[in-house]
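A.B. asks: File protein_4.csv below, CSV, C-alpha atoms:
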chain,number,residue,atom,x,y,z
O,114,MET,CA,20.3,38.1,-2.0
O,115,GLY,CA,23.4,37.4,0.1
O,116,GLU,CA,27.0,37.9,-0.6
O,117,ASN,CA,28.3,37.1,-4.1
O,118,ALA,CA,24.7,37.2,-5.5
O,119,THR,CA,23.7,33.9,-3.8
O,120,PRO,CA,20.2,33.5,-2.3
O,121,GLU,CA,20.1,33.5,1.5
O,122,GLU,CA,19.1,30.2,3.0
O,123,ARG,CA,16.8,30.0,6.0
O,124,PRO,CA,17.0,27.0,8.3
O,125,GLY,CA,14.1,24.6,7.6
O,126,SER,CA,11.5,23.9,10.2
O,127,ARG,CA,12.0,20.4,11.7
O,128,ARG,CA,8.4,20.4,13.1
O,129,GLY,CA,6.8,19.1,9.9
O,130,LYS,CA,9.4,16.6,8.9
O,131,VAL,CA,9.1,12.9,9.4
O,132,PRO,CA,12.1,10.6,9.4
O,133,ALA,CA,12.5,9.0,6.0
O,134,ALA,CA,12.3,5.4,7.2
O,135,VAL,CA,8.9,5.9,9.0
O,136,VAL,CA,6.8,6.5,6.0
O,137,PRO,CA,7.7,3.3,4.0
O,138,LEU,CA,7.6,1.2,7.2
O,139,LEU,CA,4.0,2.4,7.9
O,140,GLY,CA,3.0,1.4,4.4
O,141,LEU,CA,4.7,-2.0,4.7
O,142,VAL,CA,3.0,-2.6,8.1
O,143,ALA,CA,-0.4,-1.7,6.5
O,144,VAL,CA,0.2,-4.2,3.7
O,145,LEU,CA,1.2,-7.0,6.1
O,146,VAL,CA,-1.7,-6.4,8.5
O,147,GLY,CA,-4.2,-6.2,5.6
O,148,PHE,CA,-3.0,-9.6,4.2
O,149,LEU,CA,-3.0,-11.1,7.7
O,150,ILE,CA,-6.6,-9.9,8.2
O,151,ALA,CA,-7.6,-11.3,4.8
O,152,TYR,CA,-5.9,-14.6,5.4
O,153,LEU,CA,-7.5,-15.1,8.9
O,154,ASN,CA,-11.0,-14.2,7.7
O,155,ARG,CA,-11.2,-16.5,4.7
O,156,ASP,CA,-14.2,-18.8,4.7
O,157,PHE,CA,-14.1,-22.0,2.6
O,158,THR,CA,-17.5,-23.5,2.0
O,159,GLY,CA,-18.3,-26.7,0.1
O,160,TRP,CA,-21.2,-26.4,-2.3
O,161,VAL,CA,-23.1,-29.2,-4.0
O,162,ALA,CA,-26.0,-28.9,-6.4
O,163,TYR,CA,-28.0,-31.4,-8.4
O,164,ALA,CA,-28.5,-30.8,-12.1
O,165,PRO,CA,-31.8,-32.6,-12.9
O,166,LEU,CA,-31.3,-32.5,-16.7
O,167,SER,CA,-28.0,-34.2,-16.8
O,168,ASN,CA,-28.5,-36.6,-13.8
O,169,GLN,CA,-25.0,-35.7,-12.6
O,170,PRO,CA,-24.1,-34.0,-9.3
O,171,PHE,CA,-22.1,-30.8,-9.6
O,172,SER,CA,-19.5,-30.1,-6.9
O,173,ALA,CA,-17.5,-26.9,-6.9
O,174,ASN,CA,-14.4,-28.0,-4.9
O,175,GLY,CA,-12.4,-25.2,-3.4
O,176,ALA,CA,-15.1,-22.5,-3.8
O,177,ALA,CA,-14.5,-19.6,-1.5
O,178,PHE,CA,-16.8,-16.8,-0.6
O,179,VAL,CA,-15.2,-13.5,0.1
O,180,THR,CA,-16.3,-12.4,3.6
O,181,GLN,CA,-16.5,-8.9,4.8
O,182,GLY,CA,-13.3,-9.5,6.9
O,183,THR,CA,-11.4,-10.6,3.8
O,184,GLN,CA,-12.7,-7.5,1.9
O,185,LEU,CA,-11.6,-5.3,4.8
O,186,GLY,CA,-8.1,-6.9,4.9
O,187,LEU,CA,-7.6,-6.6,1.2
O,188,ALA,CA,-8.7,-2.9,1.3
O,189,VAL,CA,-6.2,-2.2,4.1
O,190,ALA,CA,-3.5,-4.0,2.0
O,191,VAL,CA,-4.4,-1.9,-1.1
O,192,VAL,CA,-4.2,1.3,0.9
O,193,GLY,CA,-0.8,0.3,2.2
O,194,LEU,CA,0.3,-0.4,-1.4
O,195,LEU,CA,-1.0,2.9,-2.6
O,196,PHE,CA,0.8,4.6,0.3
O,197,LEU,CA,4.1,2.9,-0.7
O,198,ALA,CA,3.6,3.8,-4.4
O,199,PHE,CA,3.0,7.5,-3.5
O,200,TRP,CA,6.1,7.5,-1.2
O,201,ALA,CA,8.3,5.9,-3.9
O,202,GLY,CA,7.0,8.4,-6.6
O,203,TYR,CA,7.7,11.3,-4.2
O,204,ARG,CA,11.2,10.1,-3.4
O,205,PHE,CA,12.1,9.4,-7.0
O,206,GLY,CA,10.6,12.7,-8.1
O,207,ARG,CA,12.7,14.6,-5.5
O,208,ARG,CA,15.8,12.8,-6.5
O,209,ALA,CA,15.2,13.5,-10.2
O,210,GLY,CA,14.5,17.2,-9.4
O,211,ALA,CA,17.7,17.4,-7.3
O,212,MET,CA,19.7,15.9,-10.1
O,213,SER,CA,18.4,18.3,-12.7
O,214,ASN,CA,19.0,21.3,-10.4
O,215,PRO,CA,22.0,20.6,-8.3
O,216,ALA,CA,22.0,24.2,-6.8
O,217,GLN,CA,19.0,23.5,-4.6
O,218,PRO,CA,19.5,21.5,-1.4
O,219,THR,CA,17.3,18.4,-0.9
Have the structure of the file written as structure tokens, please.

C.D. replies:
Amino acid sequence: MGENATPEERPGSRRGKVPAAVVPLLGLVAVLVGFLIAYLNRDFTGWVAYAPLSNQPFSANGAAFVTQGTQLGLAVAVVGLLFLAFWAGYRFGRRAGAMSNPAQPT
């Protein structure tokens, strides 16, 4: 305890801290890159089949098969979104904790 019964403060280590803008920017870049990869790897394939009982051809216009590149891109985008959600929850949690206990520095 320091003077006037206040706890002594130690200077924080700057080695482990990351600037606040870097974390959400990395998440946003991951989302954009993931969607770009998914968009560039889409594969539209026309598919036609003959239904012998109805004597009518069946055509599935606009059918798209999900390629591995599209799956990879969507997975990267989901990881980016999870990263952003974790960051937002962490920031809002710290802000709420700081508001409920104003004596602690953030």

A.B. asks: With distances taken over all atoms listed in the file, which residue among O:Leu153, O:Val179, O:Leu145, O:Ala133 lies nearest O:Tyr203?

C.D. replies: O:Ala133

A.B. asks: So that I can check the surroundings of O:Gly147, please list as a list in words every protein, DNA and RNA residue that reaches within 8 Å of it, counting only C-alpha atoms and ignoring chain neighbours fewer than 5 positions away.

C.D. replies: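 So, after excluding close chain neighbours, the residues are Leu185, Gly186, Leu187, Ala188, Val189, Ala190 and Val191 of chain O.
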
A.B. asks: So that all listed atoms of stretch 204-209 of chain O fit with 8 Å spare on each side, what axis-aligned box centre and edge lengths in Å, to one decimal, would you give as lines of an AutoDock Vina configuration file?

C.D. replies:
center_x = 13.2
center_y = 12.0
center_z = -6.8
size_x = 21.2
size_y = 21.2
size_z = 22.8

A.B. asks: Quick one: residues within 9 Å of O:Thr180, all atoms listed in the file, excluding same-chain residues fewer than 5 positions away - as a PyMOL selection string?

C.D. replies: chain O and resi 151+154-156+185

A.B. asks: To one decimal place, how far is atom CA of O:Leu197 from atom CA of O:Leu149 in Å?

C.D. replies: 17.8 Å

A.B. asks: Could you tell me how far atom CA of O:Ile150 lies from atom CA of O:Gly182, in Å and to one decimal?

C.D. replies: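 Calculated distance between atom CA of O:Ile150 and atom CA of O:Gly182 is 6.8 Å.
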
A.B. asks: What is the atom CA of O:Gln184 to atom CA of O:Val142 distance in Å?

C.D. replies: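 So the answer is 17.6 Å.
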